[in-house]
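Report on the following structure.
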Amino acid sequence: MTARLIDGTAVAARIRGQVAAAVQARVAAGRARPGLATVLVGDNPASQVYVRNKQKACAEVGIESFGHDLPKTATQAEVEALVTRLNADPRVNGILVQLPLPDGLDEERVLNAISLEKDVDGFGPVNIGRLSMKGRKPTFVPCTPAGCIVLLEEAGATFKGANAVVLGRSNIVGLPAAMLLLHRDCTVTICHSRTKDLPAVCREADILIAAVGRAEMVKRDWVKPGALVIDVGINRIPDATKKSGSRLVGDVAFDEVKEVAGAITPVPGGVGPMTIAMLLQNTLRGAELADAR
Ligand code: GUN
């Protein structure tokens, strides 16, 4: 059997098109253009690329972006003061503080400072609290896990009663992804470095989300035939056949797992593009929330 490929690039392009059309309609109706503030502290090269890509995506759909780059020597008070200023700025509908923050800064306090109505990453305590409770509705859902769910829907997932296994318990992906699956009535297992017999647990999964950051860890015999596999990993491994000397792979051994899975996301071109698409969608929603206030 060969898995169906879940094309995240195509799904993300569709969502970006929808956001662009909605932004255009807002502006034509005389409403404010949505705005996203990005906060980048320090000089982590990967974070610089991510933030640049987010700003570029904003420009493509007509969302304004306001980039704030602080040196790695920025103090806790300086970062929080910037967030407070952005909370009060009516041009800003979403505040994205790129993580991880440099050592010495208290991430929790910075995220707590972002106002609920502008927490487009969904990492603030109220959004995560609501996400973790039955019957509550977060104002914003974290972008990467939200993108995983859209891709599962795209693949025709039946969530109710499905066994869903999430590999990884990070605040950014694993934990919120598990909560989203639980809300859809999956039976959810969260696996981590101390989980016993990981392959056996994974083999029970009808839905498998891999978000551990370990190159090609999930092997063919970890996957139940027909399972839906979402690969969040982006890992660079050496490859002498490439001009750059390396290539990107996910947390799933794609070539072998595609032979057994029902559907699978590629890396690149799977979950990656969805994160930005969901951020754009959340920023538009932030603008709509501001209209309603
Ligand atoms: N670092 C890695 N992923 C993310 C994300 O989705 N949002 C933010 N703010 N930082 C990240």
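Residue numbering restarts at 1 for every chain of the structure tokens, chains are lettered A, B, ... in their displayed order, and ligands are numbered from 1 as they appear.
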Check every protein, DNA and RNA residue against ligand 1, keep those with an atom at most 8 Å away (counting only C-alpha atoms and all ligand atoms), and present them as JSON, numbers by chain.
{"A": [47, 50, 96, 97, 98, 99, 100, 121, 142, 143, 144, 172, 275]}
Hey, could you make a per-residue contact list for stretch 86-170 of chain A against stretch 186-195 of chain A with 8 Å as the cut-off, showing the nearest pair of atoms and its distance in Å to one decimal, counting only C-alpha atoms, sorted by chain and number, as a tab-separated table?
```
residue	atom	partner	partner_atom	distance
A:Phe159	CA	A:Cys186	CA	5.5
A:Lys160	CA	A:Cys186	CA	5.4
A:Gly161	CA	A:Cys186	CA	4.9
A:Ala162	CA	A:Cys186	CA	4.9
A:Asn163	CA	A:Thr187	CA	4.9
A:Ala164	CA	A:Val188	CA	4.8
A:Val165	CA	A:Thr189	CA	4.8
A:Val166	CA	A:Ile190	CA	4.9
A:Leu167	CA	A:Cys191	CA	4.8
A:Gly168	CA	A:His192	CA	5.2
A:Arg169	CA	A:His192	CA	6.4
```
Quick one: residues within 9 Å of stretch 11-13 of chain A, only C-alpha atoms, excluding same-chain residues fewer than 5 positions away - as a list of chain:residue names?
A:Ile6, A:Gln18, A:Gly147, A:Val150, A:Leu151, A:Glu154, A:Pro273, A:Met274, A:Thr275, A:Ile276, A:Ala277, A:Met278
Dump as a tab-separated table (two decimals), in the first residue's frame, selection limited to N, CA and C atoms:
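Contents of result-v1.tsv, freshly written:
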```tsv
chain	number	residue	atom	x	y	z
A	6	ILE	N	-0.53	14.11	1.94
A	6	ILE	CA	-1.32	15.27	2.39
A	6	ILE	C	-0.49	16.51	2.05
A	18	GLN	N	-7.87	32.62	1.07
A	18	GLN	CA	-9.11	33.02	1.77
A	18	GLN	C	-8.85	34.22	2.67
A	147	GLY	N	-2.93	23.65	12.56
A	147	GLY	CA	-2.62	23.23	11.19
A	147	GLY	C	-2.65	21.71	11.05
A	150	VAL	N	-6.27	20.66	10.70
A	150	VAL	CA	-6.80	20.95	9.35
A	150	VAL	C	-6.32	19.89	8.36
A	151	LEU	N	-5.05	19.51	8.47
A	151	LEU	CA	-4.51	18.50	7.55
A	151	LEU	C	-5.18	17.14	7.77
A	154	GLU	N	-8.46	17.30	6.18
A	154	GLU	CA	-8.22	17.21	4.74
A	154	GLU	C	-8.04	15.75	4.31
A	273	PRO	N	4.15	24.74	6.13
A	273	PRO	CA	3.41	25.87	5.56
A	273	PRO	C	2.11	26.17	6.30
A	274	MET	N	1.59	25.17	7.01
A	274	MET	CA	0.31	25.38	7.72
A	274	MET	C	0.45	26.31	8.90
A	275	THR	N	1.61	26.28	9.56
A	275	THR	CA	1.80	27.12	10.75
A	275	THR	C	1.58	28.59	10.39
A	276	ILE	N	2.17	29.01	9.29
A	276	ILE	CA	2.04	30.41	8.89
A	276	ILE	C	0.62	30.72	8.43
A	277	ALA	N	0.01	29.77	7.70
A	277	ALA	CA	-1.36	30.00	7.23
A	277	ALA	C	-2.30	30.21	8.43
A	278	MET	N	-2.11	29.42	9.48
A	278	MET	CA	-2.98	29.54	10.65
A	278	MET	C	-2.71	30.84	11.40
```
Go ahead and compute the interatomic distance for atom CA of A:Asp197 and atom CA of A:Ala211, in Å to one decimal.
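Computing the Euclidean distance for atom CA of A:Asp197 and atom CA of A:Ala211 yields 17.3 Å.
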Within 9 Å of A:Glu216, counting only C-alpha atoms, which residues show up once you throw out same-chain ones fewer than 2 positions away? Write them as a PDB file with all heavy atoms, in the first residue's frame, please.
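New file out.pdb:
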```pdb
ATOM      1  N   ARG A 214      13.299  14.424  16.366  1.00  0.00           N
ATOM      2  CA  ARG A 214      14.324  13.374  16.169  1.00  0.00           C
ATOM      3  C   ARG A 214      14.188  12.845  14.743  1.00  0.00           C
ATOM      4  O   ARG A 214      13.149  12.262  14.392  1.00  0.00           O
ATOM      5  CB  ARG A 214      14.113  12.222  17.160  1.00  0.00           C
ATOM      6  CG  ARG A 214      14.308  12.618  18.624  1.00  0.00           C
ATOM      7  CD  ARG A 214      15.745  12.376  19.095  1.00  0.00           C
ATOM      8  NE  ARG A 214      16.109  10.979  19.007  1.00  0.00           N
ATOM      9  CZ  ARG A 214      15.907  10.082  19.967  1.00  0.00           C
ATOM     10  NH1 ARG A 214      15.316  10.431  21.098  1.00  0.00           N
ATOM     11  NH2 ARG A 214      16.292   8.837  19.809  1.00  0.00           N
ATOM     12  N   VAL A 218      10.344   7.579  13.606  1.00  0.00           N
ATOM     13  CA  VAL A 218       9.186   6.688  13.456  1.00  0.00           C
ATOM     14  C   VAL A 218       9.393   5.793  12.232  1.00  0.00           C
ATOM     15  O   VAL A 218       9.466   6.261  11.107  1.00  0.00           O
ATOM     16  CB  VAL A 218       7.881   7.509  13.306  1.00  0.00           C
ATOM     17  CG1 VAL A 218       6.695   6.585  13.081  1.00  0.00           C
ATOM     18  CG2 VAL A 218       7.667   8.387  14.535  1.00  0.00           C
ATOM     19  N   LYS A 219       9.502   4.499  12.493  1.00  0.00           N
ATOM     20  CA  LYS A 219       9.794   3.533  11.436  1.00  0.00           C
ATOM     21  C   LYS A 219       8.517   2.852  10.941  1.00  0.00           C
ATOM     22  O   LYS A 219       7.467   2.917  11.591  1.00  0.00           O
ATOM     23  CB  LYS A 219      10.753   2.448  11.951  1.00  0.00           C
ATOM     24  CG  LYS A 219      12.012   2.987  12.608  1.00  0.00           C
ATOM     25  CD  LYS A 219      12.895   3.725  11.637  1.00  0.00           C
ATOM     26  CE  LYS A 219      14.216   4.127  12.296  1.00  0.00           C
ATOM     27  NZ  LYS A 219      14.840   5.262  11.635  1.00  0.00           N
ATOM     28  N   GLY A 233       8.082  17.267  12.508  1.00  0.00           N
ATOM     29  CA  GLY A 233       9.531  17.444  12.637  1.00  0.00           C
ATOM     30  C   GLY A 233      10.155  18.161  11.451  1.00  0.00           C
ATOM     31  O   GLY A 233       9.734  17.981  10.307  1.00  0.00           O
ATOM     32  N   ASN A 235      14.096  18.427  10.630  1.00  0.00           N
ATOM     33  CA  ASN A 235      15.453  18.109  11.085  1.00  0.00           C
ATOM     34  C   ASN A 235      16.399  18.152   9.894  1.00  0.00           C
ATOM     35  O   ASN A 235      16.072  17.642   8.825  1.00  0.00           O
ATOM     36  CB  ASN A 235      15.493  16.703  11.694  1.00  0.00           C
ATOM     37  CG  ASN A 235      14.376  16.456  12.696  1.00  0.00           C
ATOM     38  OD1 ASN A 235      14.401  16.988  13.791  1.00  0.00           O
ATOM     39  ND2 ASN A 235      13.372  15.679  12.315  1.00  0.00           N
ATOM     40  N   VAL A 249      14.598  16.489   6.885  1.00  0.00           N
ATOM     41  CA  VAL A 249      13.720  15.323   7.046  1.00  0.00           C
ATOM     42  C   VAL A 249      12.831  15.545   8.272  1.00  0.00           C
ATOM     43  O   VAL A 249      13.132  16.381   9.131  1.00  0.00           O
ATOM     44  CB  VAL A 249      14.523  14.009   7.240  1.00  0.00           C
ATOM     45  CG1 VAL A 249      15.360  13.689   6.012  1.00  0.00           C
ATOM     46  CG2 VAL A 249      15.394  14.067   8.496  1.00  0.00           C
ATOM     47  N   GLY A 250      11.764  14.784   8.343  1.00  0.00           N
ATOM     48  CA  GLY A 250      10.861  14.888   9.482  1.00  0.00           C
ATOM     49  C   GLY A 250      11.243  13.941  10.605  1.00  0.00           C
ATOM     50  O   GLY A 250      12.354  13.398  10.641  1.00  0.00           O
ATOM     51  N   ASP A 251      10.289  13.735  11.514  1.00  0.00           N
ATOM     52  CA  ASP A 251      10.465  12.772  12.604  1.00  0.00           C
ATOM     53  C   ASP A 251      10.063  11.374  12.166  1.00  0.00           C
ATOM     54  O   ASP A 251      10.192  10.414  12.930  1.00  0.00           O
ATOM     55  CB  ASP A 251       9.605  13.186  13.809  1.00  0.00           C
ATOM     56  CG  ASP A 251      10.093  14.469  14.452  1.00  0.00           C
ATOM     57  OD1 ASP A 251      11.209  14.918  14.141  1.00  0.00           O
ATOM     58  OD2 ASP A 251       9.349  15.027  15.296  1.00  0.00           O
ATOM     59  N   VAL A 252       9.526  11.284  10.952  1.00  0.00           N
ATOM     60  CA  VAL A 252       9.028  10.018  10.422  1.00  0.00           C
ATOM     61  C   VAL A 252       9.936   9.585   9.259  1.00  0.00           C
ATOM     62  O   VAL A 252      10.305  10.414   8.427  1.00  0.00           O
ATOM     63  CB  VAL A 252       7.572  10.191   9.914  1.00  0.00           C
ATOM     64  CG1 VAL A 252       7.062   8.916   9.265  1.00  0.00           C
ATOM     65  CG2 VAL A 252       6.650  10.633  11.059  1.00  0.00           C
ATOM     66  N   ALA A 253      10.279   8.317   9.235  1.00  0.00           N
ATOM     67  CA  ALA A 253      11.072   7.780   8.113  1.00  0.00           C
ATOM     68  C   ALA A 253      10.133   7.654   6.916  1.00  0.00           C
ATOM     69  O   ALA A 253       9.516   6.603   6.677  1.00  0.00           O
ATOM     70  CB  ALA A 253      11.673   6.432   8.508  1.00  0.00           C
ATOM     71  N   PHE A 254      10.010   8.743   6.188  1.00  0.00           N
ATOM     72  CA  PHE A 254       8.956   8.914   5.176  1.00  0.00           C
ATOM     73  C   PHE A 254       8.918   7.761   4.167  1.00  0.00           C
ATOM     74  O   PHE A 254       7.860   7.177   3.922  1.00  0.00           O
ATOM     75  CB  PHE A 254       9.151  10.262   4.469  1.00  0.00           C
ATOM     76  CG  PHE A 254       8.119  10.551   3.428  1.00  0.00           C
ATOM     77  CD1 PHE A 254       6.914  11.138   3.783  1.00  0.00           C
ATOM     78  CD2 PHE A 254       8.325  10.227   2.098  1.00  0.00           C
ATOM     79  CE1 PHE A 254       5.932  11.404   2.828  1.00  0.00           C
ATOM     80  CE2 PHE A 254       7.358  10.483   1.139  1.00  0.00           C
ATOM     81  CZ  PHE A 254       6.160  11.074   1.511  1.00  0.00           C
TER      82      PHE A 254
END
```
In stretch 41-126 of chain A, DSSP helix (DSSP H, G or I) residues written as JSON, numbers by chain:
{"A": [45, 46, 47, 48, 49, 50, 51, 52, 53, 54, 55, 56, 57, 58, 59, 60, 61, 76, 77, 78, 79, 80, 81, 82, 83, 84, 85, 86, 87, 88, 107, 108, 109, 110, 111, 112, 113, 116, 117, 118, 125, 126]}
Among listed residues A:Arg184, A:Asn44, A:Leu105, A:Ala146, nearest A:Gly122 (using only C-alpha atoms):
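Among the listed residues, A:Ala146 lies closest to A:Gly122.
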Name the residues in contact with A:Glu288 at a cut-off of 10 Å, using only C-alpha atoms, excluding same-chain residues fewer than 5 positions from it; report them as a VMD selection string.
chain A and resid 26 31 to 32 34 93 282 to 283 293
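The coordinates place atom CA of A:Lys118 at 13.1 Å from atom CA of A:Val39.
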Could you state the separation of atom CA of A:Pro176 and atom CA of A:Ile207 in Å, given to one decimal place?
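Straight-line distance from atom CA of A:Pro176 to atom CA of A:Ile207 works out to 15.2 Å.
Proximity ranking of A:Ala215, A:Ala155, A:Ala21, A:Val49 relative to A:Gly8 places A:Ala155 first, based on only C-alpha atoms.
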Residues within 8 Å of A:Val126, please, as a PDB file with N, CA and C atoms, in the first residue's frame. Count only C-alpha atoms; anything in the same chain fewer than 2 positions from it doesn't count.
```
ATOM      1  N   LEU A 116      -5.113  38.925  25.874  1.00  0.00           N
ATOM      2  CA  LEU A 116      -5.846  37.759  25.355  1.00  0.00           C
ATOM      3  C   LEU A 116      -6.305  37.978  23.913  1.00  0.00           C
ATOM      4  N   GLY A 124      -0.750  32.022  25.585  1.00  0.00           N
ATOM      5  CA  GLY A 124      -1.029  32.680  26.867  1.00  0.00           C
ATOM      6  C   GLY A 124      -1.814  31.750  27.783  1.00  0.00           C
ATOM      7  N   ILE A 128      -4.414  28.673  26.689  1.00  0.00           N
ATOM      8  CA  ILE A 128      -4.025  27.277  26.947  1.00  0.00           C
ATOM      9  C   ILE A 128      -4.947  26.654  28.002  1.00  0.00           C
ATOM     10  N   GLY A 129      -5.326  27.447  28.994  1.00  0.00           N
ATOM     11  CA  GLY A 129      -6.247  26.946  30.041  1.00  0.00           C
ATOM     12  C   GLY A 129      -7.572  26.536  29.432  1.00  0.00           C
ATOM     13  N   ARG A 130      -8.109  27.404  28.581  1.00  0.00           N
ATOM     14  CA  ARG A 130      -9.395  27.075  27.948  1.00  0.00           C
ATOM     15  C   ARG A 130      -9.263  25.863  27.039  1.00  0.00           C
ATOM     16  N   PRO A 138     -11.046  28.469  23.478  1.00  0.00           N
ATOM     17  CA  PRO A 138      -9.940  29.428  23.454  1.00  0.00           C
ATOM     18  C   PRO A 138     -10.246  30.551  22.459  1.00  0.00           C
TER      19      PRO A 138
END
```
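Distance annotation: of A:Asp43, A:Asp89, A:Asp255, A:Asp185, the residue with the minimal separation from A:Thr2 is A:Asp255; atom set is only C-alpha atoms.
Residues in contact with A:Val19 at 10 Å, where only C-alpha atoms are counted and same-chain residues fewer than 3 positions away are skipped, are listed as Ala13, Arg14, Ile15, Arg16, Ala22, Val23, Gln24, Ala25, Cys58, Val61, Gly62, Ile63, Ala277, Met278, Leu280, Gln281, Asn282, Thr283, Leu284 and Arg285 of chain A.
Within stretch 26-122 of chain A, the backbone-based DSSP assignment of strand (DSSP E) covers Gly35, Leu36, Ala37, Thr38, Val39, Leu40, Val41, Glu64, Ser65, Phe66, Gly67, His68, Asp69, Leu70, Gly94, Ile95, Leu96 and Val97 of chain A.
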Which one is closest to A:Ala88: A:Ser115, A:Ala240, A:Gln55, A:Pro45? Count only C-alpha atoms.
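Closest to A:Ala88, using only C-alpha atoms: A:Ser115.
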